[in-house]
>>> print(open('start-v6.pdb').read())   # PDB, C-alpha atoms
MODEL        1
ATOM      1  CA  MET A   1      72.696 -90.317 151.543
ATOM      2  CA  ALA A   2      74.208 -93.004 153.772
ATOM      3  CA  PRO A   3      74.723 -96.453 152.312
ATOM      4  CA  SER A   4      71.768 -98.494 153.409
ATOM      5  CA  GLN A   5      71.707-101.588 151.263
ATOM      6  CA  GLN A   6      74.008-104.396 150.171
ATOM      7  CA  PHE A   7      74.309-105.250 146.496
ATOM      8  CA  SER A   8      75.970-108.201 144.803
ATOM      9  CA  VAL A   9      78.070-107.293 141.803
ATOM     10  CA  GLN A  10      79.347-109.416 138.963
ATOM     11  CA  VAL A  11      81.865-108.019 136.488
ATOM     12  CA  GLU A  12      82.741-109.926 133.354
ATOM     13  CA  VAL A  13      85.877-108.860 131.489
ATOM     14  CA  LEU A  14      86.508-109.946 127.905
ATOM     15  CA  LEU A  15      89.006-108.891 125.266
ATOM     16  CA  ARG A  16      87.569-106.350 122.864
ATOM     17  CA  ASP A  17      86.434-107.499 119.457
ATOM     18  CA  GLY A  18      89.353-107.405 117.082
ATOM     19  CA  ILE A  19      91.953-108.047 119.797
ATOM     20  CA  ALA A  20      93.591-111.420 119.303
ATOM     21  CA  ASP A  21      92.545-113.909 122.000
ATOM     22  CA  PRO A  22      95.230-116.614 122.033
ATOM     23  CA  GLN A  23      93.667-118.344 125.062
ATOM     24  CA  GLY A  24      90.257-118.605 123.435
ATOM     25  CA  ALA A  25      91.799-119.809 120.193
ATOM     26  CA  THR A  26      93.843-122.459 121.999
ATOM     27  CA  ILE A  27      90.790-123.721 123.908
ATOM     28  CA  GLU A  28      88.854-123.893 120.655
ATOM     29  CA  ARG A  29      91.596-125.902 118.998
ATOM     30  CA  ALA A  30      91.476-128.428 121.863
ATOM     31  CA  LEU A  31      87.753-129.152 121.484
ATOM     32  CA  PRO A  32      87.926-131.564 118.541
ATOM     33  CA  ALA A  33      89.753-133.903 120.953
ATOM     34  CA  LEU A  34      86.437-134.149 122.837
ATOM     35  CA  GLY A  35      84.693-135.078 119.625
ATOM     36  CA  LEU A  36      83.099-131.621 119.432
ATOM     37  CA  THR A  37      83.667-130.059 116.036
ATOM     38  CA  GLY A  38      80.831-127.511 115.952
ATOM     39  CA  VAL A  39      82.061-125.179 118.730
ATOM     40  CA  THR A  40      83.254-121.818 117.415
ATOM     41  CA  GLY A  41      83.866-118.315 118.692
ATOM     42  CA  VAL A  42      85.468-119.340 122.016
ATOM     43  CA  ARG A  43      86.613-116.310 123.994
ATOM     44  CA  ALA A  44      88.445-116.420 127.322
ATOM     45  CA  GLY A  45      87.820-113.777 129.960
ATOM     46  CA  LYS A  46      87.635-113.153 133.677
ATOM     47  CA  SER A  47      84.734-112.973 136.102
ATOM     48  CA  PHE A  48      84.762-111.001 139.371
ATOM     49  CA  ARG A  49      82.181-110.953 142.188
ATOM     50  CA  PHE A  50      81.982-108.600 145.113
ATOM     51  CA  ASP A  51      79.504-106.843 147.402
ATOM     52  CA  ILE A  52      78.902-103.116 147.650
ATOM     53  CA  ALA A  53      77.076-101.089 150.314
ATOM     54  CA  ALA A  54      75.213 -98.353 148.456
ATOM     55  CA  ALA A  55      72.258 -96.026 148.756
ATOM     56  CA  ASP A  56      70.406 -97.652 145.892
ATOM     57  CA  GLU A  57      70.948 -99.784 142.818
ATOM     58  CA  ALA A  58      72.002 -96.867 140.616
ATOM     59  CA  ASP A  59      74.645 -95.866 143.183
ATOM     60  CA  ALA A  60      75.871 -99.463 143.397
ATOM     61  CA  LEU A  61      76.126 -99.638 139.603
ATOM     62  CA  ALA A  62      78.034 -96.369 139.477
ATOM     63  CA  GLN A  63      80.545 -97.572 142.081
ATOM     64  CA  ALA A  64      80.917-100.980 140.461
ATOM     65  CA  THR A  65      81.520 -99.338 137.083
ATOM     66  CA  VAL A  66      84.409 -97.349 138.550
ATOM     67  CA  VAL A  67      85.925-100.602 139.869
ATOM     68  CA  ALA A  68      85.493-102.251 136.476
ATOM     69  CA  ASP A  69      86.800 -99.356 134.378
ATOM     70  CA  ARG A  70      89.677 -98.229 136.584
ATOM     71  CA  LEU A  71      91.012-101.557 137.784
ATOM     72  CA  LEU A  72      89.440-104.800 136.585
ATOM     73  CA  ALA A  73      89.603-104.095 132.850
ATOM     74  CA  ASN A  74      92.305-102.446 130.749
ATOM     75  CA  PRO A  75      90.248-100.361 128.305
ATOM     76  CA  VAL A  76      93.010-100.559 125.685
ATOM     77  CA  ILE A  77      92.329-104.252 125.133
ATOM     78  CA  GLU A  78      89.358-105.241 127.287
ATOM     79  CA  GLU A  79      85.718-104.382 127.861
ATOM     80  CA  SER A  80      83.601-105.123 130.899
ATOM     81  CA  VAL A  81      79.963-105.901 131.624
ATOM     82  CA  VAL A  82      78.716-104.982 135.107
ATOM     83  CA  THR A  83      75.660-106.642 136.649
ATOM     84  CA  VAL A  84      74.238-105.474 139.983
ATOM     85  CA  ARG A  85      71.454-107.062 142.049
ATOM     86  CA  PRO A  86      70.266-106.696 145.655
ATOM     87  CA  ALA A  87      72.197-109.081 147.935
TER      88      ALA A  87
ATOM     89  CA  MET B   1     129.654 -86.527 138.406
ATOM     90  CA  ALA B   2     128.259 -89.936 137.513
ATOM     91  CA  PRO B   3     124.546 -89.892 136.673
ATOM     92  CA  ARG B   4     122.421 -91.282 139.487
ATOM     93  CA  ILE B   5     119.774 -93.779 138.423
ATOM     94  CA  GLY B   6     116.855 -94.799 140.626
ATOM     95  CA  VAL B   7     115.787 -98.415 140.138
ATOM     96  CA  VAL B   8     112.190 -98.785 141.278
ATOM     97  CA  LEU B   9     111.485-101.859 143.361
ATOM     98  CA  PHE B  10     107.923-103.174 143.650
ATOM     99  CA  PRO B  11     107.084-106.257 145.710
ATOM    100  CA  GLY B  12     107.710-109.020 143.170
ATOM    101  CA  THR B  13     110.251-107.157 141.042
ATOM    102  CA  ASN B  14     113.199-109.475 140.399
ATOM    103  CA  CYS B  15     115.556-107.796 137.913
ATOM    104  CA  GLU B  16     116.530-104.854 140.101
ATOM    105  CA  HIS B  17     120.022-106.068 140.954
ATOM    106  CA  ASP B  18     120.775-106.802 137.305
ATOM    107  CA  ALA B  19     119.758-103.226 136.503
ATOM    108  CA  VAL B  20     121.900-101.794 139.309
ATOM    109  CA  HIS B  21     124.851-103.921 138.217
ATOM    110  CA  ALA B  22     124.487-102.823 134.588
ATOM    111  CA  VAL B  23     124.313 -99.126 135.479
ATOM    112  CA  GLU B  24     127.352 -99.375 137.748
ATOM    113  CA  ARG B  25     129.288-101.329 135.147
ATOM    114  CA  LEU B  26     128.680 -98.458 132.726
ATOM    115  CA  GLY B  27     129.997 -95.923 135.210
ATOM    116  CA  GLY B  28     126.720 -94.680 136.687
ATOM    117  CA  ASP B  29     125.466 -94.697 140.251
ATOM    118  CA  ALA B  30     122.361 -96.749 140.955
ATOM    119  CA  GLU B  31     120.115 -96.950 143.956
ATOM    120  CA  LEU B  32     117.043 -99.071 144.693
ATOM    121  CA  VAL B  33     113.847 -97.085 145.297
ATOM    122  CA  TRP B  34     111.060 -98.816 147.234
ATOM    123  CA  HIS B  35     107.598 -98.530 145.658
ATOM    124  CA  GLY B  36     106.355 -96.575 148.675
ATOM    125  CA  ALA B  37     108.659 -93.649 147.832
ATOM    126  CA  THR B  38     106.941 -90.376 147.006
ATOM    127  CA  SER B  39     109.914 -88.269 145.960
ATOM    128  CA  LEU B  40     112.312 -88.995 143.096
ATOM    129  CA  GLY B  41     114.055 -85.649 142.849
ATOM    130  CA  ALA B  42     117.437 -87.142 143.764
ATOM    131  CA  TYR B  43     117.735 -89.073 140.509
ATOM    132  CA  ASP B  44     118.944 -88.187 137.022
ATOM    133  CA  GLY B  45     117.033 -91.101 135.506
ATOM    134  CA  LEU B  46     114.738 -93.965 136.470
ATOM    135  CA  ILE B  47     114.564 -97.631 135.557
ATOM    136  CA  LEU B  48     111.452 -99.703 136.207
ATOM    137  CA  PRO B  49     112.977-103.181 136.012
ATOM    138  CA  GLY B  50     111.490-106.548 135.158
ATOM    139  CA  GLY B  51     109.814-109.115 137.352
ATOM    140  CA  PHE B  52     106.315-109.699 138.612
ATOM    141  CA  ALA B  53     105.231-106.533 140.420
ATOM    142  CA  HIS B  54     102.528-107.371 142.950
ATOM    143  CA  GLY B  55     102.584-110.930 141.640
ATOM    144  CA  ASP B  56     101.283-109.795 138.243
ATOM    145  CA  TYR B  57      97.845-110.404 139.734
ATOM    146  CA  LEU B  58      94.896-109.269 137.611
ATOM    147  CA  ARG B  59      97.175-108.171 134.752
ATOM    148  CA  PRO B  60     100.909-107.388 134.723
ATOM    149  CA  GLY B  61     101.259-103.854 136.060
ATOM    150  CA  ALA B  62      97.584-103.453 136.944
ATOM    151  CA  ILE B  63      98.180-103.270 140.702
ATOM    152  CA  ALA B  64     101.639-101.691 140.502
ATOM    153  CA  ARG B  65     100.095 -98.714 138.805
ATOM    154  CA  PHE B  66      98.484 -97.851 142.167
ATOM    155  CA  SER B  67     101.739 -98.065 144.142
ATOM    156  CA  PRO B  68     102.527 -94.713 145.811
ATOM    157  CA  VAL B  69     105.705 -94.266 143.777
ATOM    158  CA  MET B  70     103.777 -94.155 140.500
ATOM    159  CA  GLU B  71     102.443 -90.671 141.147
ATOM    160  CA  ALA B  72     106.035 -89.529 141.624
ATOM    161  CA  VAL B  73     107.085 -91.399 138.464
ATOM    162  CA  ALA B  74     104.331 -89.615 136.517
ATOM    163  CA  GLY B  75     105.503 -86.242 137.851
ATOM    164  CA  TYR B  76     109.114 -87.106 137.080
ATOM    165  CA  ALA B  77     108.172 -88.110 133.534
ATOM    166  CA  ALA B  78     106.081 -84.960 133.023
ATOM    167  CA  ALA B  79     109.093 -82.874 134.079
ATOM    168  CA  GLY B  80     111.132 -84.491 131.307
ATOM    169  CA  GLY B  81     113.168 -86.936 133.377
ATOM    170  CA  PRO B  82     114.396 -90.068 131.566
ATOM    171  CA  VAL B  83     112.293 -93.112 132.513
ATOM    172  CA  VAL B  84     112.883 -96.584 131.102
ATOM    173  CA  GLY B  85     110.565 -99.521 131.742
ATOM    174  CA  ILE B  86     112.049-102.925 130.996
ATOM    175  CA  CYS B  87     109.730-105.923 130.503
ATOM    176  CA  ASN B  88     107.423-105.816 133.558
ATOM    177  CA  GLY B  89     108.414-102.167 133.920
ATOM    178  CA  PHE B  90     107.100-101.569 130.377
ATOM    179  CA  GLN B  91     103.840-103.260 131.374
ATOM    180  CA  VAL B  92     103.601-101.028 134.461
ATOM    181  CA  LEU B  93     104.150 -97.888 132.353
ATOM    182  CA  THR B  94     101.373 -98.851 129.905
ATOM    183  CA  GLU B  95      98.951 -99.656 132.745
ATOM    184  CA  ALA B  96      99.804 -96.297 134.314
ATOM    185  CA  GLY B  97      99.017 -94.540 131.033
ATOM    186  CA  LEU B  98     102.565 -93.163 130.716
ATOM    187  CA  LEU B  99     102.986 -95.132 127.491
ATOM    188  CA  PRO B 100     100.277 -96.030 124.961
ATOM    189  CA  GLY B 101      99.030 -99.538 124.187
ATOM    190  CA  ALA B 102      99.080-102.735 126.215
ATOM    191  CA  LEU B 103     101.035-105.978 126.463
ATOM    192  CA  GLN B 104      98.947-109.095 126.106
ATOM    193  CA  LYS B 105      99.752-112.787 126.107
ATOM    194  CA  ASN B 106     102.241-113.944 123.484
ATOM    195  CA  ARG B 107     100.902-115.303 120.239
ATOM    196  CA  GLY B 108     100.936-119.077 120.630
ATOM    197  CA  LEU B 109     100.689-118.778 124.436
ATOM    198  CA  ARG B 110     104.374-119.569 124.792
ATOM    199  CA  PHE B 111     106.563-118.186 127.554
ATOM    200  CA  LEU B 112     109.629-116.925 125.709
ATOM    201  CA  CYS B 113     113.113-117.076 127.188
ATOM    202  CA  THR B 114     115.672-116.590 124.436
ATOM    203  CA  THR B 115     117.890-114.016 122.795
ATOM    204  CA  VAL B 116     116.464-112.009 119.921
ATOM    205  CA  THR B 117     117.730-109.437 117.461
ATOM    206  CA  ILE B 118     116.134-106.018 117.697
ATOM    207  CA  ARG B 119     116.649-103.004 115.457
ATOM    208  CA  VAL B 120     116.880 -99.426 116.644
ATOM    209  CA  GLU B 121     114.169 -97.461 114.791
ATOM    210  CA  SER B 122     114.558 -94.071 116.428
ATOM    211  CA  GLY B 123     117.707 -92.471 117.766
ATOM    212  CA  ARG B 124     115.901 -89.638 119.489
ATOM    213  CA  THR B 125     114.808 -91.074 122.846
ATOM    214  CA  SER B 126     116.271 -91.326 126.336
ATOM    215  CA  LEU B 127     117.240 -94.953 125.609
ATOM    216  CA  THR B 128     118.596 -94.535 122.085
ATOM    217  CA  ASP B 129     120.001 -91.011 122.043
ATOM    218  CA  GLY B 130     122.938 -90.945 119.654
ATOM    219  CA  VAL B 131     122.428 -94.539 118.512
ATOM    220  CA  GLU B 132     122.358 -94.924 114.747
ATOM    221  CA  VAL B 133     118.969 -95.928 113.328
ATOM    222  CA  GLY B 134     119.175 -99.430 111.889
ATOM    223  CA  THR B 135     121.635-100.656 114.509
ATOM    224  CA  GLU B 136     120.868-104.309 115.285
ATOM    225  CA  LEU B 137     121.296-105.570 118.830
ATOM    226  CA  SER B 138     121.283-109.027 120.338
ATOM    227  CA  ILE B 139     119.273-108.827 123.584
ATOM    228  CA  PRO B 140     117.535-111.462 125.770
ATOM    229  CA  ILE B 141     113.757-111.593 126.168
ATOM    230  CA  ASN B 142     111.964-113.348 129.008
ATOM    231  CA  HIS B 143     108.200-112.883 129.033
ATOM    232  CA  PHE B 144     104.730-114.341 128.665
ATOM    233  CA  GLU B 145     102.879-111.073 128.140
ATOM    234  CA  GLY B 146     105.025-109.252 125.598
ATOM    235  CA  ASN B 147     102.633-109.063 122.679
ATOM    236  CA  TYR B 148     102.364-105.317 122.102
ATOM    237  CA  THR B 149      98.871-104.215 121.127
ATOM    238  CA  CYS B 150      97.289-100.867 120.385
ATOM    239  CA  ASP B 151      94.439 -99.559 118.252
ATOM    240  CA  ALA B 152      94.970 -98.472 114.657
ATOM    241  CA  ASP B 153      94.896 -94.744 115.480
ATOM    242  CA  THR B 154      97.547 -95.142 118.168
ATOM    243  CA  LEU B 155      99.724 -97.199 115.839
ATOM    244  CA  ALA B 156      99.442 -94.537 113.134
ATOM    245  CA  GLU B 157     100.395 -91.888 115.693
ATOM    246  CA  LEU B 158     103.391 -93.901 116.924
ATOM    247  CA  ARG B 159     104.628 -94.378 113.360
ATOM    248  CA  GLY B 160     103.918 -90.808 112.301
ATOM    249  CA  GLU B 161     105.737 -89.332 115.295
ATOM    250  CA  ASP B 162     108.750 -91.660 115.060
ATOM    251  CA  ARG B 163     107.849 -93.215 118.419
ATOM    252  CA  VAL B 164     108.451 -96.865 117.551
ATOM    253  CA  VAL B 165     111.850 -97.057 119.226
ATOM    254  CA  LEU B 166     112.744-100.722 118.694
ATOM    255  CA  ARG B 167     111.465-103.495 116.422
ATOM    256  CA  TYR B 168     112.060-107.227 116.469
ATOM    257  CA  VAL B 169     113.875-108.417 113.359
ATOM    258  CA  ASP B 170     112.028-111.748 113.676
ATOM    259  CA  ASN B 171     108.819-111.137 115.665
ATOM    260  CA  PRO B 172     108.754-113.701 118.505
ATOM    261  CA  ASN B 173     105.471-112.855 120.251
ATOM    262  CA  GLY B 174     102.932-111.428 117.795
ATOM    263  CA  SER B 175     103.490-107.768 118.656
ATOM    264  CA  VAL B 176     101.741-105.421 116.240
ATOM    265  CA  ASP B 177     104.145-104.014 113.634
ATOM    266  CA  ASP B 178     107.000-106.041 115.244
ATOM    267  CA  ILE B 179     107.170-103.462 118.034
ATOM    268  CA  ALA B 180     109.658-104.223 120.827
ATOM    269  CA  GLY B 181     109.743-100.744 122.359
ATOM    270  CA  VAL B 182     107.921 -97.398 122.194
ATOM    271  CA  CYS B 183     108.277 -93.955 123.711
ATOM    272  CA  ASN B 184     105.933 -91.198 124.885
ATOM    273  CA  ALA B 185     105.350 -87.941 123.006
ATOM    274  CA  GLY B 186     108.096 -86.270 125.045
ATOM    275  CA  ARG B 187     110.527 -89.055 124.027
ATOM    276  CA  ASN B 188     111.857 -89.270 127.609
ATOM    277  CA  VAL B 189     109.742 -92.269 128.669
ATOM    278  CA  VAL B 190     110.654 -95.511 126.911
ATOM    279  CA  GLY B 191     109.321 -99.031 127.407
ATOM    280  CA  LEU B 192     110.763-102.212 125.926
ATOM    281  CA  MET B 193     110.237-105.929 126.452
ATOM    282  CA  PRO B 194     113.865-107.062 125.861
ATOM    283  CA  HIS B 195     116.313-106.952 128.796
ATOM    284  CA  PRO B 196     119.365-104.783 127.968
ATOM    285  CA  GLU B 197     120.589-105.131 131.572
ATOM    286  CA  ARG B 198     121.183-108.825 130.886
ATOM    287  CA  ALA B 199     123.475-108.063 127.952
ATOM    288  CA  VAL B 200     126.304-106.050 129.506
ATOM    289  CA  ASP B 201     128.950-108.750 129.813
ATOM    290  CA  ALA B 202     130.562-110.801 127.052
ATOM    291  CA  LEU B 203     130.633-113.721 129.465
ATOM    292  CA  LEU B 204     126.816-113.779 129.351
ATOM    293  CA  GLY B 205     126.650-113.770 125.570
ATOM    294  CA  SER B 206     126.187-110.158 124.525
ATOM    295  CA  LEU B 207     127.403-106.660 125.247
ATOM    296  CA  ASP B 208     124.712-105.033 123.136
ATOM    297  CA  GLY B 209     122.676-103.879 126.128
ATOM    298  CA  THR B 210     125.434-101.369 126.844
ATOM    299  CA  VAL B 211     124.453 -99.484 123.673
ATOM    300  CA  LEU B 212     120.982 -98.766 125.093
ATOM    301  CA  LEU B 213     121.873 -98.321 128.760
ATOM    302  CA  GLY B 214     124.871 -96.202 127.792
ATOM    303  CA  ALA B 215     122.450 -93.912 125.946
ATOM    304  CA  LEU B 216     120.253 -93.794 129.061
ATOM    305  CA  LEU B 217     123.229 -92.707 131.163
ATOM    306  CA  ARG B 218     124.069 -89.995 128.599
ATOM    307  CA  SER B 219     120.445 -88.815 128.678
ATOM    308  CA  ALA B 220     120.461 -88.882 132.483
ATOM    309  CA  GLY B 221     123.682 -86.887 132.558
ATOM    310  CA  ALA B 222     122.176 -84.238 130.300
ATOM    311  CA  THR B 223     118.907 -83.552 132.142
ATOM    312  CA  THR B 224     118.033 -82.352 135.598
ATOM    313  CA  PRO B 225     114.319 -82.777 136.173
ATOM    314  CA  ALA B 226     112.879 -80.254 138.571
ATOM    315  CA  THR B 227     110.807 -82.488 140.815
TER     316      THR B 227
ENDMDL
END
>>> encode(input="start-v6.pdb", output="structure tokens")
Amino acid sequence: MAPSQQFSVQVEVLLRDGIADPQGATIERALPALGLTGVTGVRAGKSFRFDIAAADEADALAQATVVADRLLANPVIEESVVTVRPA
Amino acid sequence: MAPRIGVVLFPGTNCEHDAVHAVERLGGDAELVWHGATSLGAYDGLILPGGFAHGDYLRPGAIARFSPVMEAVAGYAAAGGPVVGICNGFQVLTEAGLLPGALQKNRGLRFLCTTVTIRVESGRTSLTDGVEVGTELSIPINHFEGNYTCDADTLAELRGEDRVVLRYVDNPNGSVDDIAGVCNAGRNVVGLMPHPERAVDALLGSLDGTVLLGALLRSAGATTPAT
């Protein structure tokens, strides 16, 4: 089936639970300086957006998942969440 | 004949000449290999030197892993050829899946540029062959992402198979189990964060890098990978 539709993809990459997140911890430690003392659980990650030409949404998701798993995230330390919607 | 070492050069690598100099100083031949190369059969050993391959964009080593030369490096490693990844080269080897684990940002988010003491934990690898276990070496480090991480099963495997090659005496970066270097199951692929190629001249503070790179040259002289 020829690609017939454009899809917008968002991939969010975060460190896996249990992997130390020194960036998140450092951001959290800075927050009391803003007078905010109730913010906890800060985690730092990366967000990627791109477009994919695909036959349908399932095809777009499959392609985007390959991008996320093979390149954008390192599965040893990171996990990714892929969101696809029609462009 | 002097062992011939290929020093792999990615765009953004910056320790290649130090590596070449160190190999030559120890009596080996060294040659730069561009990352577009697809054949490595001419070499008795490989060094993936430090730097910022492909700008370290995305993650250190994440793009370099797709450089054409990496398929040849994987084949070379599978054939038993000695491969050593130093600093960024270590990161490239983990991203390529040739070594287990990953290097993440240092504990404390501090870029570290100093000299540390490391201890040889295994004398049975291409970088430590013949080196007595327990030997302590003074070697420079220079990294932001040197915090070695792996899951508990992998760590147990590394320990159980004597594949933790080097440990920091005083852990500078948060690496799990003080790990400074590991090897693959075949023991011919070794990655380490410290820079032995920067410790081959007393004028620069330490000669201890010659212990490791000398072992690499011995390993390279003893094997002829069929690639």
>>> resolve_selection(input="start-v6.pdb", expression="the ChimeraX specification (/B :<10) & /A", output="PyMOL selection string")
chain A and resi 15+18-23+25-26+46+70-77
>>> resolve_selection(input="start-v6.pdb", expression="the PyMOL selection byres ((chain B and resi 44) around 9)", output="ChimeraX atom specification")
/B:3-6,41-43,45-46,81-82,217,219-225
>>> resolve_selection(input="start-v6.pdb", expression="the PyMOL selection byres ((chain A and resi 83) around 10)", output="PyMOL selection string")
chain A and resi 8-12+49+60-61+64-65+80-82+84-85
>>> write_last_selection(input="start-v6.pdb", atoms="C-alpha atoms", output="short mmCIF file (atom, residue, chain, number, x, y, z; two decimals), keeping the file's coordinate frame")
data_model
loop_
_atom_site.label_atom_id
_atom_site.label_comp_id
_atom_site.auth_asym_id
_atom_site.auth_seq_id
_atom_site.Cartn_x
_atom_site.Cartn_y
_atom_site.Cartn_z
CA SER A 8 75.97 -108.20 144.80
CA VAL A 9 78.07 -107.29 141.80
CA GLN A 10 79.35 -109.42 138.96
CA VAL A 11 81.86 -108.02 136.49
CA GLU A 12 82.74 -109.93 133.35
CA ARG A 49 82.18 -110.95 142.19
CA ALA A 60 75.87 -99.46 143.40
CA LEU A 61 76.13 -99.64 139.60
CA ALA A 64 80.92 -100.98 140.46
CA THR A 65 81.52 -99.34 137.08
CA SER A 80 83.60 -105.12 130.90
CA VAL A 81 79.96 -105.90 131.62
CA VAL A 82 78.72 -104.98 135.11
CA VAL A 84 74.24 -105.47 139.98
CA ARG A 85 71.45 -107.06 142.05
#
>>> atom_distance(input="start-v6.pdb", atom1="atom CA of B:Pro11", atom2="atom CA of B:Glu145")
18.7 Å
>>> closest_residue(input="start-v6.pdb", among="A:Glu79, A:Arg29, A:Asp51, A:Asp56", to="A:Phe7", atoms="all atoms listed in the file")
A:Asp51
>>> closest_residue(input="start-v6.pdb", among="A:Leu14, A:Ala87, A:Ala62, A:Leu34", to="A:Phe48", atoms="only C-alpha atoms")
A:Leu14
>>> atom_distance(input="start-v6.pdb", atom1="atom CA of B:Ala180", atom2="atom CA of B:Val7")
21.1 Å
>>> residues_around(input="start-v6.pdb", residues="B:Gly191", least_positions_apart="5", cutoff="8 Å", atoms="all atoms listed in the file", output="MDAnalysis selection string")
chainID B and resid 84:87 89:91 93 99 181:183
>>> residues_around(input="start-v6.pdb", residues="stretch 118-122 of chain B", least_positions_apart="6", cutoff="8 Å", atoms="only C-alpha atoms", output="PDB file with C-alpha atoms, in the frame of the given file")
ATOM      1  CA  THR B 128     118.596 -94.535 122.085  1.00  0.00           C
ATOM      2  CA  VAL B 131     122.428 -94.539 118.512  1.00  0.00           C
ATOM      3  CA  GLU B 132     122.358 -94.924 114.747  1.00  0.00           C
ATOM      4  CA  VAL B 133     118.969 -95.928 113.328  1.00  0.00           C
ATOM      5  CA  GLY B 134     119.175 -99.430 111.889  1.00  0.00           C
ATOM      6  CA  THR B 135     121.635-100.656 114.509  1.00  0.00           C
ATOM      7  CA  GLU B 136     120.868-104.309 115.285  1.00  0.00           C
ATOM      8  CA  LEU B 137     121.296-105.570 118.830  1.00  0.00           C
ATOM      9  CA  SER B 138     121.283-109.027 120.338  1.00  0.00           C
ATOM     10  CA  ILE B 139     119.273-108.827 123.584  1.00  0.00           C
ATOM     11  CA  ASP B 162     108.750 -91.660 115.060  1.00  0.00           C
ATOM     12  CA  ARG B 163     107.849 -93.215 118.419  1.00  0.00           C
ATOM     13  CA  VAL B 164     108.451 -96.865 117.551  1.00  0.00           C
ATOM     14  CA  VAL B 165     111.850 -97.057 119.226  1.00  0.00           C
ATOM     15  CA  LEU B 166     112.744-100.722 118.694  1.00  0.00           C
ATOM     16  CA  ARG B 167     111.465-103.495 116.422  1.00  0.00           C
ATOM     17  CA  TYR B 168     112.060-107.227 116.469  1.00  0.00           C
ATOM     18  CA  VAL B 169     113.875-108.417 113.359  1.00  0.00           C
ATOM     19  CA  ALA B 180     109.658-104.223 120.827  1.00  0.00           C
TER      20      ALA B 180
END
>>> axis_aligned_box(input="start-v6.pdb", around="stretch 181-190 of chain B", padding_each_side="5 Å", output="lines of an AutoDock Vina configuration file")
center_x = 108.6
center_y = -93.5
center_z = 125.4
size_x = 16.5
size_y = 24.5
size_z = 16.5
>>> closest_residue(input="start-v6.pdb", among="A:Ala30, A:Asp17, A:Leu36, A:Val67", to="A:Ile52", atoms="all atoms listed in the file")
A:Val67
>>> atom_distance(input="start-v6.pdb", atom1="atom CA of B:Glu197", atom2="atom CA of B:Gly12")
17.8 Å
>>> residues_around(input="start-v6.pdb", residues="B:Ala152", least_positions_apart="5", cutoff="10 Å", atoms="all atoms listed in the file", output="compact mmCIF listing (two decimals) with C-alpha atoms, in the coordinates of the input")
# COMPACT_ATOMS: atom_id res chain seq x y z
CA GLU B 157 100.40 -91.89 115.69
CA LEU B 158 103.39 -93.90 116.92
CA VAL B 176 101.74 -105.42 116.24
>>> closest_residue(input="start-v6.pdb", among="B:Ala72, B:Asp18, B:Tyr57, B:Gly51", to="B:Thr38", atoms="all atoms listed in the file")
B:Ala72
>>> residues_around(input="start-v6.pdb", residues="B:Val23", least_positions_apart="2", cutoff="10 Å", atoms="all atoms listed in the file", output="PyMOL selection string")
chain B and resi 3-5+7+17-21+25-31+47+197+200+210+213-214+216-217
>>> build_atoms(input="start-v6.pdb", residues="stretch 166-177 of chain B", atoms="N, CA and C atoms", output="PDB file, keeping the file's coordinate frame")
ATOM      1  N   LEU B 166     112.054 -99.460 118.999  1.00  0.00           N
ATOM      2  CA  LEU B 166     112.744-100.722 118.694  1.00  0.00           C
ATOM      3  C   LEU B 166     111.769-101.685 118.034  1.00  0.00           C
ATOM      4  N   ARG B 167     112.278-102.437 117.027  1.00  0.00           N
ATOM      5  CA  ARG B 167     111.465-103.495 116.422  1.00  0.00           C
ATOM      6  C   ARG B 167     112.219-104.811 116.468  1.00  0.00           C
ATOM      7  N   TYR B 168     111.456-105.910 116.599  1.00  0.00           N
ATOM      8  CA  TYR B 168     112.060-107.227 116.469  1.00  0.00           C
ATOM      9  C   TYR B 168     112.378-107.471 115.000  1.00  0.00           C
ATOM     10  N   VAL B 169     113.544-108.037 114.731  1.00  0.00           N
ATOM     11  CA  VAL B 169     113.875-108.417 113.359  1.00  0.00           C
ATOM     12  C   VAL B 169     113.045-109.640 112.966  1.00  0.00           C
ATOM     13  N   ASP B 170     112.854-110.563 113.911  1.00  0.00           N
ATOM     14  CA  ASP B 170     112.028-111.748 113.676  1.00  0.00           C
ATOM     15  C   ASP B 170     111.032-111.835 114.843  1.00  0.00           C
ATOM     16  N   ASN B 171     109.827-111.324 114.604  1.00  0.00           N
ATOM     17  CA  ASN B 171     108.819-111.137 115.665  1.00  0.00           C
ATOM     18  C   ASN B 171     108.549-112.428 116.452  1.00  0.00           C
ATOM     19  N   PRO B 172     108.888-112.447 117.753  1.00  0.00           N
ATOM     20  CA  PRO B 172     108.754-113.701 118.505  1.00  0.00           C
ATOM     21  C   PRO B 172     107.397-113.880 119.177  1.00  0.00           C
ATOM     22  N   ASN B 173     106.613-112.794 119.330  1.00  0.00           N
ATOM     23  CA  ASN B 173     105.471-112.855 120.251  1.00  0.00           C
ATOM     24  C   ASN B 173     104.159-112.331 119.685  1.00  0.00           C
ATOM     25  N   GLY B 174     104.170-111.907 118.410  1.00  0.00           N
ATOM     26  CA  GLY B 174     102.932-111.428 117.795  1.00  0.00           C
ATOM     27  C   GLY B 174     102.697-109.940 117.931  1.00  0.00           C
ATOM     28  N   SER B 175     103.656-109.209 118.476  1.00  0.00           N
ATOM     29  CA  SER B 175     103.490-107.768 118.656  1.00  0.00           C
ATOM     30  C   SER B 175     103.101-107.091 117.339  1.00  0.00           C
ATOM     31  N   VAL B 176     102.159-106.150 117.425  1.00  0.00           N
ATOM     32  CA  VAL B 176     101.741-105.421 116.240  1.00  0.00           C
ATOM     33  C   VAL B 176     102.940-104.668 115.660  1.00  0.00           C
ATOM     34  N   ASP B 177     103.089-104.741 114.349  1.00  0.00           N
ATOM     35  CA  ASP B 177     104.145-104.014 113.634  1.00  0.00           C
ATOM     36  C   ASP B 177     105.546-104.355 114.160  1.00  0.00           C
TER      37      ASP B 177
END
